[in-house]
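The next block is model.txt, given as compact mmCIF, C-alpha atoms and all ligand atoms.
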```
# COMPACT_ATOMS: atom_id res chain seq x y z
CA MET O 423 -27.81 -33.81 31.39
CA ALA O 424 -31.48 -32.97 31.95
CA THR O 425 -32.95 -29.80 30.43
CA ASP O 426 -36.13 -27.83 31.11
CA THR O 427 -37.50 -28.25 27.59
CA ALA O 428 -39.29 -31.30 26.16
CA LEU O 429 -36.82 -31.45 23.25
CA GLN O 430 -33.67 -33.35 24.22
CA THR O 431 -31.53 -33.16 21.11
CA LEU O 432 -30.84 -31.12 17.97
CA LYS O 433 -32.40 -32.45 14.76
CA SER O 434 -29.37 -32.01 12.50
CA PRO O 435 -25.97 -33.65 13.13
CA HIS O 436 -24.42 -30.29 12.12
CA LEU O 437 -24.79 -26.63 13.11
CA LEU O 438 -24.48 -24.80 9.80
CA GLY O 439 -26.77 -21.83 10.35
CA ILE O 440 -29.52 -20.38 12.53
CA LYS O 441 -31.90 -20.54 9.56
CA ASP O 442 -32.08 -24.33 10.01
CA LEU O 443 -32.84 -24.25 13.78
CA SER O 444 -36.30 -24.13 15.37
CA ALA O 445 -37.13 -21.88 18.35
CA GLU O 446 -37.37 -25.05 20.49
CA GLU O 447 -33.85 -26.08 19.48
CA ILE O 448 -32.51 -22.61 20.36
CA GLN O 449 -34.27 -22.84 23.74
CA LEU O 450 -32.72 -26.29 24.28
CA ILE O 451 -29.27 -24.76 23.59
CA PHE O 452 -30.05 -21.94 26.07
CA SER O 453 -31.21 -24.28 28.84
CA THR O 454 -28.14 -26.48 28.31
CA ALA O 455 -25.91 -23.35 28.32
CA ASP O 456 -27.52 -22.30 31.64
CA GLN O 457 -26.22 -25.51 33.18
CA PHE O 458 -22.75 -25.13 31.68
CA LYS O 459 -22.61 -21.52 32.88
CA GLU O 460 -23.11 -22.86 36.38
CA VAL O 461 -20.24 -25.34 35.77
CA LEU O 462 -18.00 -22.47 34.58
CA ASN O 463 -18.56 -20.65 37.87
CA ARG O 464 -17.39 -23.60 39.95
CA PRO O 465 -13.79 -23.79 41.28
CA ILE O 466 -13.28 -26.87 39.04
CA LYS O 467 -14.66 -25.83 35.65
CA LYS O 468 -14.26 -29.12 33.84
CA VAL O 469 -16.77 -31.94 33.18
CA PRO O 470 -16.10 -35.31 31.48
CA SER O 471 -19.01 -35.05 29.00
CA LEU O 472 -16.91 -35.24 25.79
CA ARG O 473 -14.16 -37.56 26.98
CA ASP O 474 -13.08 -39.73 23.99
CA ILE O 475 -14.42 -37.16 21.48
CA THR O 476 -11.80 -35.50 19.24
CA ILE O 477 -12.51 -32.07 17.78
CA ALA O 478 -10.58 -30.20 15.07
CA ASN O 479 -10.80 -26.41 14.97
CA VAL O 480 -10.13 -25.66 11.31
CA PHE O 481 -9.72 -21.93 10.68
CA PHE O 482 -9.15 -20.62 7.16
CA GLU O 483 -9.71 -17.03 8.34
CA ASN O 484 -8.44 -14.97 11.27
CA SER O 485 -10.20 -15.22 14.63
CA THR O 486 -9.54 -14.39 18.25
CA ARG O 487 -12.82 -14.81 20.17
CA THR O 488 -14.48 -17.65 18.26
CA ARG O 489 -11.39 -19.83 18.08
CA LEU O 490 -10.37 -19.38 21.71
CA SER O 491 -13.96 -19.74 22.89
CA PHE O 492 -14.45 -23.03 21.02
CA GLU O 493 -11.11 -24.38 22.22
CA LEU O 494 -11.90 -23.49 25.82
CA ALA O 495 -15.42 -24.94 25.54
CA GLU O 496 -13.99 -28.18 24.13
CA LYS O 497 -11.36 -28.44 26.87
CA ARG O 498 -13.93 -27.69 29.61
CA LEU O 499 -15.88 -30.67 28.23
CA SER O 500 -12.73 -32.87 28.33
CA ALA O 501 -12.58 -33.35 24.52
CA ASP O 502 -9.27 -33.92 22.74
CA VAL O 503 -8.56 -30.84 20.63
CA VAL O 504 -6.43 -30.20 17.53
CA ASN O 505 -6.07 -26.77 15.96
CA PHE O 506 -5.48 -26.02 12.30
CA SER O 507 -4.71 -22.61 10.83
CA SER O 508 -4.60 -22.34 7.04
CA SER O 509 -1.93 -19.62 7.13
CA SER O 510 0.65 -22.09 8.47
CA SER O 511 -0.57 -25.22 6.66
CA SER O 512 -0.20 -27.14 3.40
CA VAL O 513 -3.11 -25.10 2.01
CA LYS O 514 -0.30 -22.70 1.14
CA LYS O 515 1.13 -25.49 -1.08
CA GLY O 516 -2.15 -25.85 -3.01
CA GLU O 517 -4.05 -28.49 -0.99
CA THR O 518 -7.86 -28.35 -1.41
CA LEU O 519 -10.36 -27.81 1.43
CA LEU O 520 -11.69 -31.36 1.10
CA ASP O 521 -8.22 -32.95 1.03
CA THR O 522 -7.18 -30.90 4.05
CA VAL O 523 -10.21 -31.94 6.08
CA ASN O 524 -10.13 -35.59 4.95
CA ASN O 525 -6.51 -35.78 6.10
CA ILE O 526 -7.51 -34.40 9.48
CA LEU O 527 -10.43 -36.87 9.66
CA ALA O 528 -8.13 -39.79 8.78
CA MET O 529 -6.61 -39.13 12.20
CA LYS O 530 -10.04 -40.10 13.68
CA VAL O 531 -11.66 -36.75 14.38
CA ASP O 532 -15.34 -36.70 15.42
CA MET O 533 -16.21 -33.02 15.01
CA VAL O 534 -14.95 -30.17 12.83
CA VAL O 535 -15.40 -26.52 13.80
CA MET O 536 -14.72 -24.52 10.65
CA ARG O 537 -14.32 -20.86 9.74
CA HIS O 538 -13.94 -20.08 6.06
CA ALA O 539 -14.12 -16.95 3.90
CA SER O 540 -16.42 -18.63 1.36
CA PRO O 541 -20.17 -18.70 2.09
CA GLY O 542 -21.36 -22.32 2.07
CA ALA O 543 -17.95 -23.91 2.77
CA PRO O 544 -19.15 -25.71 5.94
CA HIS O 545 -22.30 -26.87 4.11
CA PHE O 546 -20.10 -28.34 1.35
CA LEU O 547 -17.95 -30.06 3.96
CA SER O 548 -20.95 -31.51 5.80
CA ARG O 549 -22.07 -33.23 2.59
CA HIS O 550 -18.69 -34.89 2.06
CA ILE O 551 -17.37 -35.96 5.44
CA ASP O 552 -18.51 -38.31 8.16
CA ALA O 553 -18.17 -35.96 11.15
CA HIS O 554 -20.25 -33.27 12.84
CA VAL O 555 -19.58 -29.86 11.27
CA ILE O 556 -20.04 -26.57 13.14
CA ASN O 557 -19.96 -23.33 11.17
CA ALA O 558 -17.71 -20.84 12.99
CA GLY O 559 -18.42 -18.16 10.35
CA ASP O 560 -18.65 -18.60 6.56
CA GLY O 561 -17.88 -15.41 4.66
CA THR O 562 -20.77 -12.95 4.65
CA HIS O 563 -23.32 -15.73 5.22
CA GLU O 564 -23.86 -16.99 8.81
CA HIS O 565 -22.11 -17.12 12.19
CA PRO O 566 -24.57 -19.25 14.15
CA THR O 567 -22.76 -19.55 17.49
CA GLN O 568 -22.25 -15.75 17.57
CA ALA O 569 -26.01 -15.24 17.16
CA LEU O 570 -26.71 -17.89 19.81
CA LEU O 571 -24.38 -16.18 22.31
CA ASP O 572 -25.79 -12.74 21.42
CA THR O 573 -29.41 -13.80 21.94
CA TYR O 574 -28.42 -15.84 25.02
CA SER O 575 -26.84 -12.65 26.43
CA ILE O 576 -30.13 -10.79 25.89
CA TYR O 577 -32.01 -13.66 27.55
CA SER O 578 -29.49 -13.65 30.47
CA LYS O 579 -29.88 -9.91 31.01
CA PHE O 580 -33.64 -9.53 30.54
CA GLY O 581 -34.96 -13.03 31.34
CA GLU O 582 -36.51 -13.33 27.86
CA VAL O 583 -35.89 -12.38 24.23
CA ALA O 584 -39.55 -12.29 23.11
CA GLY O 585 -40.86 -8.73 22.80
CA LYS O 586 -37.44 -7.09 23.01
CA LYS O 587 -36.63 -4.43 20.42
CA VAL O 588 -33.16 -5.01 18.98
CA ALA O 589 -31.41 -2.63 16.58
CA ILE O 590 -28.50 -4.00 14.54
CA VAL O 591 -26.36 -1.06 13.49
CA GLY O 592 -23.55 -0.77 10.94
CA ASP O 593 -22.21 -2.82 8.06
CA ILE O 594 -25.20 -5.12 7.52
CA MET O 595 -24.16 -5.85 3.91
CA HIS O 596 -20.93 -7.68 4.77
CA SER O 597 -21.94 -9.12 8.14
CA ARG O 598 -22.59 -12.80 8.82
CA VAL O 599 -23.39 -11.80 12.42
CA ALA O 600 -26.30 -9.62 11.22
CA LEU O 601 -28.00 -12.36 9.22
CA SER O 602 -27.65 -15.01 11.95
CA ASN O 603 -28.86 -12.53 14.58
CA ILE O 604 -31.89 -11.57 12.49
CA PHE O 605 -32.89 -15.24 12.15
CA ALA O 606 -32.33 -15.99 15.86
CA LEU O 607 -34.11 -12.87 17.14
CA GLN O 608 -37.12 -13.46 14.88
CA LYS O 609 -37.42 -17.11 15.89
CA LEU O 610 -37.36 -16.07 19.57
CA GLY O 611 -40.04 -13.38 19.08
CA ALA O 612 -37.94 -10.19 19.23
CA GLU O 613 -38.54 -7.17 16.99
CA VAL O 614 -35.58 -6.29 14.75
CA LEU O 615 -34.55 -3.04 13.08
CA VAL O 616 -31.37 -2.63 11.03
CA CYS O 617 -29.63 0.73 10.68
CA GLY O 618 -26.72 1.95 8.59
CA PRO O 619 -25.80 3.96 5.50
CA ALA O 620 -27.91 2.99 2.46
CA THR O 621 -24.85 1.54 0.75
CA LEU O 622 -24.36 -0.93 3.62
CA LEU O 623 -28.02 -2.08 3.84
CA PRO O 624 -28.75 -4.90 1.35
CA LYS O 625 -31.81 -4.22 -0.84
CA TYR O 626 -33.42 -7.54 0.19
CA ILE O 627 -33.13 -6.89 3.93
CA THR O 628 -36.72 -5.76 4.62
CA GLN O 629 -37.98 -8.85 2.77
CA LEU O 630 -36.77 -10.78 5.83
CA GLY O 631 -39.66 -9.19 7.75
CA ILE O 632 -37.65 -6.53 9.58
CA ASN O 633 -37.56 -2.73 9.41
CA ALA O 634 -34.63 -0.60 8.27
CA THR O 635 -33.63 3.00 8.87
CA LEU O 636 -30.76 5.25 7.85
CA ASP O 637 -31.21 7.34 11.01
CA ILE O 638 -29.17 6.14 14.00
CA ARG O 639 -31.04 8.36 16.47
CA GLU O 640 -34.35 6.82 15.36
CA ALA O 641 -32.86 3.31 15.80
CA LEU O 642 -31.45 4.01 19.26
CA GLU O 643 -34.61 5.76 20.47
CA TRP O 644 -36.68 2.76 19.35
CA CYS O 645 -34.58 -0.09 20.73
CA ASP O 646 -33.95 -1.81 24.09
CA VAL O 647 -30.70 -3.31 22.79
CA ALA O 648 -28.32 -2.05 20.10
CA ASN O 649 -25.91 -4.56 18.56
CA ILE O 650 -23.20 -2.41 16.96
CA LEU O 651 -21.29 -4.05 14.10
CA ARG O 652 -17.81 -3.42 12.79
CA ILE O 653 -17.17 -1.96 9.36
CA GLN O 654 -15.80 -5.01 7.53
CA LEU O 655 -13.14 -3.25 5.48
CA GLU O 656 -11.52 -6.58 4.56
CA ARG O 657 -14.70 -7.58 2.64
CA GLN O 658 -15.21 -4.26 0.85
CA GLN O 659 -13.92 -4.17 -2.74
CA VAL O 660 -15.24 -0.65 -3.38
CA LYS O 661 -15.78 2.42 -1.21
CA TYR O 662 -19.21 2.33 0.46
CA PHE O 663 -18.76 5.66 2.30
CA PRO O 664 -16.31 8.56 1.95
CA SER O 665 -14.12 7.89 5.02
CA LEU O 666 -14.09 6.17 8.42
CA ARG O 667 -14.14 9.64 9.96
CA GLU O 668 -17.39 10.46 8.18
CA TYR O 669 -18.88 7.05 9.10
CA SER O 670 -18.02 7.72 12.75
CA LEU O 671 -19.58 11.17 12.57
CA TYR O 672 -22.95 9.86 11.31
CA TYR O 673 -23.11 6.31 12.75
CA GLY O 674 -20.58 6.16 15.58
CA VAL O 675 -22.13 5.49 19.00
CA ASN O 676 -20.71 7.67 21.76
CA ARG O 677 -21.66 8.70 25.29
CA GLU O 678 -23.06 12.05 24.17
CA LEU O 679 -25.49 10.30 21.81
CA LEU O 680 -26.55 7.77 24.46
CA ASN O 681 -27.02 10.53 27.08
CA SER O 682 -29.30 12.42 24.70
CA LEU O 683 -31.74 9.46 24.44
CA ASN O 684 -34.77 9.47 26.70
CA LYS O 685 -33.95 6.02 28.18
CA PRO O 686 -31.01 3.70 28.88
CA ILE O 687 -30.24 1.05 26.27
CA THR O 688 -28.00 -2.00 26.33
CA ILE O 689 -25.03 -1.98 23.97
CA MET O 690 -23.67 -5.16 22.39
CA HIS O 691 -20.82 -5.75 19.95
CA PRO O 692 -19.63 -9.11 18.58
CA GLY O 693 -16.00 -7.92 18.41
CA PRO O 694 -13.45 -7.09 17.29
CA ILE O 695 -14.29 -3.43 18.03
CA ASN O 696 -12.87 -0.63 15.90
CA ARG O 697 -12.76 1.86 18.76
CA GLY O 698 -13.53 5.40 17.66
CA VAL O 699 -15.23 4.20 14.45
CA GLU O 700 -18.51 2.39 15.19
CA LEU O 701 -18.18 2.61 18.98
CA ASN O 702 -16.35 5.01 21.28
CA SER O 703 -14.50 3.77 24.37
CA ASP O 704 -16.78 5.90 26.59
CA VAL O 705 -19.61 3.53 25.60
CA ALA O 706 -17.70 0.26 24.97
CA ASP O 707 -16.28 0.34 28.51
CA SER O 708 -19.41 1.77 30.17
CA GLU O 709 -22.15 0.26 32.30
CA HIS O 710 -24.39 0.20 29.18
CA ALA O 711 -22.19 -2.38 27.43
CA ILE O 712 -22.43 -6.17 27.90
CA ILE O 713 -19.64 -6.92 25.42
CA LEU O 714 -17.49 -8.98 27.80
CA GLU O 715 -20.60 -10.77 29.13
CA GLN O 716 -21.19 -11.83 25.50
CA VAL O 717 -17.69 -13.31 25.39
CA GLU O 718 -18.20 -15.06 28.74
CA ASN O 719 -21.57 -16.47 27.64
CA GLY O 720 -19.98 -17.64 24.39
CA VAL O 721 -18.05 -20.40 26.15
CA ALA O 722 -21.20 -21.81 27.83
CA VAL O 723 -23.21 -21.57 24.59
CA ARG O 724 -20.50 -23.33 22.58
CA MET O 725 -20.22 -26.02 25.27
CA ALA O 726 -23.98 -26.53 24.87
CA VAL O 727 -23.77 -26.82 21.08
CA LEU O 728 -20.83 -29.26 21.21
CA TYR O 729 -22.49 -31.32 23.94
CA LEU O 730 -25.84 -31.56 22.13
CA LEU O 731 -24.26 -32.50 18.78
CA ALA O 732 -21.87 -35.04 20.31
CA GLY O 733 -24.77 -36.54 22.26
CA GLN O 734 -26.29 -37.71 18.98
CA THR O 735 -23.50 -40.28 18.60
CA LYS O 736 -22.31 -40.77 22.16
CA SER O 737 -24.37 -40.96 25.35
CA ALA O 738 -22.73 -38.21 27.43
N1 LIG S 801 -16.99 -12.24 16.93
C1 LIG S 801 -16.04 -12.92 16.24
O1 LIG S 801 -16.34 -13.77 15.40
O2 LIG S 801 -14.76 -12.58 16.56
P1 LIG S 801 -13.46 -13.29 15.96
O3 LIG S 801 -13.40 -12.94 14.50
O4 LIG S 801 -12.30 -12.72 16.75
O5 LIG S 801 -13.62 -14.77 16.14
```

When written as structure tokens, how does the structure in this file appear?
Amino acid sequence: MATDTALQTLKSPHLLGIKDLSAEEIQLIFSTADQFKEVLNRPIKKVPSLRDITIANVFFENSTRTRLSFELAEKRLSADVVNFSSSSSSVKKGETLLDTVNNILAMKVDMVVMRHASPGAPHFLSRHIDAHVINAGDGTHEHPTQALLDTYSIYSKFGEVAGKKVAIVGDIMHSRVALSNIFALQKLGAEVLVCGPATLLPKYITQLGINATLDIREALEWCDVANILRIQLERQQVKYFPSLREYSLYYGVNRELLNSLNKPITIMHPGPINRGVELNSDVADSEHAIILEQVENGVAVRMAVLYLLAGQTKSA
């Protein structure tokens, strides 16, 4: 498949994080996703690009969007797909991560899409197995395809990412989406501001070259796009704020707050949404939100990633 950029392939055989990608590689993924988006709008949404490629979706943590989106992307590309969920597997009998994956690979699998609660788990895997590894979210570390679909959604809406002001609001401390988005937005030339309670902003965050504020009104007045993140209660061992009700009062985004700004802004959310906590339904379901466009774009972006990685070993 021809692309508009000079670069024709990704440098690494794996997609482990946005930190490792160049701006040119992200643009190659976007231009490839543009073409797959066109395919997805055809009456017949399937292409034979990954015929004879077998992909295992190996999820050690819960997922709705990422898992379904990868599976659909793989099937649209005509790959053979197997799904593994740790909660119903022999992991429950004490099997290790490496044994689990090596057993799956012994069945001749070419690519592994993995979500794991431990930061670095996909990196560990990529050093020990002979298959492409795609990180579908590793603990609080990175979620590269989420950041690619988020920035692709900004590019789709505005025509470019460079120069856009993007506020990332909420639980930055426990969010893999935040870190991957910061890397992707910076590489593409956007300005980034993070906003949340002091207890949920890591001390190192401004060392990444971005600004931070505790004031949500300041963040929303500054930005073109606000990416609102979920409070990750499952990752919080201690209380970082008094109650969800208080969080919602100070950091919840609602229609009244948006109406009081002096300009319209675009609202994004990676999902799952905790309605009434970080985002009210009167915004999540409004014309300001592109949340379902993000999900739609996710399939095309993941098709692009799978296609470009598989193309390193198979002429598609
Ligand atoms: N955005 C995201 O990763 O959602 P899931 O946890 O449902 O995959």

Selection as a list in words: residues within 8 Å of ligand LIG 801 (chain S) by all atoms listed in the file =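 The residues near ligand LIG 801 (chain S) are Asn484, Ser485, Thr486, Arg487, Thr488, Arg489, Leu490, Ala558, Gly559, His565, Gln568, Val599, Pro692, Gly693 and Pro694 of chain O.
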
Which residues, written as JSON, numbers by chain, have at least one atom at most 10 Å from Leu429 (chain O), with only C-alpha atoms counted and residues fewer than 6 positions away on the same chain left out?
-> {"O": [446, 447, 449, 450]}

Within 9 Å of region 675-688 of chain O using only C-alpha atoms, minus same-chain residues under 6 positions, as an MDAnalysis selection string = chainID O and resid 638:639 642:643 645:650 698:706 708:712

Distance in Å - CA of Glu613 (chain O) versus CA of Gly631 (chain O) | 9.5 Å

As JSON: centre and edge lengths in Å, one decimal, of the axis-aligned box holding region 567-574 of chain O with 5 Å per side:
```
{"center_x": -25.8, "center_y": -16.1, "center_z": 21.1, "size_x": 17.2, "size_y": 16.8, "size_z": 17.9}
```

Just save region 472-577 of chain O with C-alpha atoms, as an mmCIF file, in the first residue's frame.
```
data_model
loop_
_atom_site.group_PDB
_atom_site.id
_atom_site.type_symbol
_atom_site.label_atom_id
_atom_site.label_comp_id
_atom_site.auth_asym_id
_atom_site.auth_seq_id
_atom_site.Cartn_x
_atom_site.Cartn_y
_atom_site.Cartn_z
ATOM 1 C CA LEU O 472 -2.693 -10.069 6.606
ATOM 2 C CA ARG O 473 -3.898 -13.349 5.148
ATOM 3 C CA ASP O 474 -1.671 -16.157 6.559
ATOM 4 C CA ILE O 475 -0.685 -14.019 9.577
ATOM 5 C CA THR O 476 -1.831 -15.324 12.985
ATOM 6 C CA ILE O 477 -2.289 -12.883 15.855
ATOM 7 C CA ALA O 478 -2.838 -13.639 19.554
ATOM 8 C CA ASN O 479 -4.601 -11.040 21.696
ATOM 9 C CA VAL O 480 -3.230 -11.790 25.155
ATOM 10 C CA PHE O 481 -5.036 -9.809 27.855
ATOM 11 C CA PHE O 482 -3.982 -10.091 31.496
ATOM 12 C CA GLU O 483 -6.182 -7.119 32.432
ATOM 13 C CA ASN O 484 -9.765 -6.121 31.660
ATOM 14 C CA SER O 485 -10.535 -4.305 28.412
ATOM 15 C CA THR O 486 -13.529 -3.515 26.239
ATOM 16 C CA ARG O 487 -12.418 -0.987 23.595
ATOM 17 C CA THR O 488 -8.793 -2.003 23.023
ATOM 18 C CA ARG O 489 -9.472 -5.714 22.802
ATOM 19 C CA LEU O 490 -12.494 -5.439 20.509
ATOM 20 C CA SER O 491 -10.783 -2.797 18.390
ATOM 21 C CA PHE O 492 -7.672 -4.941 17.863
ATOM 22 C CA GLU O 493 -9.757 -8.027 17.105
ATOM 23 C CA LEU O 494 -11.864 -6.141 14.580
ATOM 24 C CA ALA O 495 -8.768 -4.553 12.998
ATOM 25 C CA GLU O 496 -7.155 -7.982 12.677
ATOM 26 C CA LYS O 497 -10.267 -9.521 11.130
ATOM 27 C CA ARG O 498 -10.692 -6.598 8.699
ATOM 28 C CA LEU O 499 -7.125 -7.374 7.554
ATOM 29 C CA SER O 500 -8.003 -11.096 7.128
ATOM 30 C CA ALA O 501 -5.593 -12.288 9.863
ATOM 31 C CA ASP O 502 -6.282 -15.453 11.855
ATOM 32 C CA VAL O 503 -7.060 -14.409 15.431
ATOM 33 C CA VAL O 504 -6.867 -16.185 18.795
ATOM 34 C CA ASN O 505 -7.930 -14.544 22.045
ATOM 35 C CA PHE O 506 -6.517 -15.237 25.481
ATOM 36 C CA SER O 507 -7.871 -13.897 28.753
ATOM 37 C CA SER O 508 -5.833 -14.573 31.894
ATOM 38 C CA SER O 509 -8.936 -14.757 34.092
ATOM 39 C CA SER O 510 -10.064 -17.977 32.382
ATOM 40 C CA SER O 511 -6.613 -19.469 31.700
ATOM 41 C CA SER O 512 -3.914 -21.653 33.262
ATOM 42 C CA VAL O 513 -2.347 -18.471 34.678
ATOM 43 C CA LYS O 514 -4.808 -19.163 37.492
ATOM 44 C CA LYS O 515 -2.932 -22.469 38.049
ATOM 45 C CA GLY O 516 0.421 -20.685 38.435
ATOM 46 C CA GLU O 517 1.758 -20.594 34.850
ATOM 47 C CA THR O 518 4.290 -17.788 34.191
ATOM 48 C CA LEU O 519 3.873 -15.022 31.586
ATOM 49 C CA LEU O 520 6.725 -16.412 29.473
ATOM 50 C CA ASP O 521 5.438 -20.004 29.612
ATOM 51 C CA THR O 522 1.952 -18.825 28.700
ATOM 52 C CA VAL O 523 3.158 -16.858 25.689
ATOM 53 C CA ASN O 524 5.656 -19.515 24.546
ATOM 54 C CA ASN O 525 2.836 -22.062 24.546
ATOM 55 C CA ILE O 526 0.740 -19.743 22.406
ATOM 56 C CA LEU O 527 3.711 -19.160 20.063
ATOM 57 C CA ALA O 528 4.313 -22.921 19.753
ATOM 58 C CA MET O 529 1.002 -22.917 17.889
ATOM 59 C CA LYS O 530 2.749 -20.720 15.226
ATOM 60 C CA VAL O 531 1.613 -17.225 16.116
ATOM 61 C CA ASP O 532 3.244 -14.278 14.301
ATOM 62 C CA MET O 533 2.126 -11.333 16.445
ATOM 63 C CA VAL O 534 1.170 -10.865 20.095
ATOM 64 C CA VAL O 535 -1.006 -7.973 21.260
ATOM 65 C CA MET O 536 -0.590 -7.816 25.023
ATOM 66 C CA ARG O 537 -2.191 -5.926 27.907
ATOM 67 C CA HIS O 538 -0.638 -6.444 31.320
ATOM 68 C CA ALA O 539 -0.865 -4.726 34.709
ATOM 69 C CA SER O 540 2.930 -4.642 35.100
ATOM 70 C CA PRO O 541 4.857 -1.790 33.444
ATOM 71 C CA GLY O 542 7.469 -3.260 31.089
ATOM 72 C CA ALA O 543 5.763 -6.648 30.614
ATOM 73 C CA PRO O 544 5.555 -6.287 26.793
ATOM 74 C CA HIS O 545 9.191 -5.097 26.690
ATOM 75 C CA PHE O 546 10.218 -8.227 28.631
ATOM 76 C CA LEU O 547 8.230 -10.386 26.235
ATOM 77 C CA SER O 548 9.745 -8.750 23.140
ATOM 78 C CA ARG O 549 13.230 -9.698 24.368
ATOM 79 C CA HIS O 550 12.308 -13.361 24.795
ATOM 80 C CA ILE O 551 10.036 -14.330 21.930
ATOM 81 C CA ASP O 552 10.344 -14.470 18.172
ATOM 82 C CA ALA O 553 7.139 -12.589 17.254
ATOM 83 C CA HIS O 554 6.043 -8.978 16.870
ATOM 84 C CA VAL O 555 4.797 -7.576 20.193
ATOM 85 C CA ILE O 556 2.277 -4.727 20.452
ATOM 86 C CA ASN O 557 1.725 -3.094 23.825
ATOM 87 C CA ALA O 558 -2.026 -2.764 24.439
ATOM 88 C CA GLY O 559 -1.399 -1.042 27.799
ATOM 89 C CA ASP O 560 1.209 -1.929 30.445
ATOM 90 C CA GLY O 561 0.216 -0.815 33.925
ATOM 91 C CA THR O 562 0.742 2.901 34.512
ATOM 92 C CA HIS O 563 3.419 3.088 31.791
ATOM 93 C CA GLU O 564 2.271 3.393 28.137
ATOM 94 C CA HIS O 565 -0.754 2.717 25.921
ATOM 95 C CA PRO O 566 0.705 3.544 22.510
ATOM 96 C CA THR O 567 -2.235 2.693 20.248
ATOM 97 C CA GLN O 568 -4.562 4.794 22.456
ATOM 98 C CA ALA O 569 -2.258 7.810 22.014
ATOM 99 C CA LEU O 570 -2.029 7.145 18.272
ATOM 100 C CA LEU O 571 -5.826 7.049 17.930
ATOM 101 C CA ASP O 572 -6.207 10.128 20.156
ATOM 102 C CA THR O 573 -3.728 12.203 18.148
ATOM 103 C CA TYR O 574 -5.115 10.783 14.883
ATOM 104 C CA SER O 575 -8.574 11.973 16.010
ATOM 105 C CA ILE O 576 -7.182 15.490 16.562
ATOM 106 C CA TYR O 577 -5.523 15.345 13.130
#
```
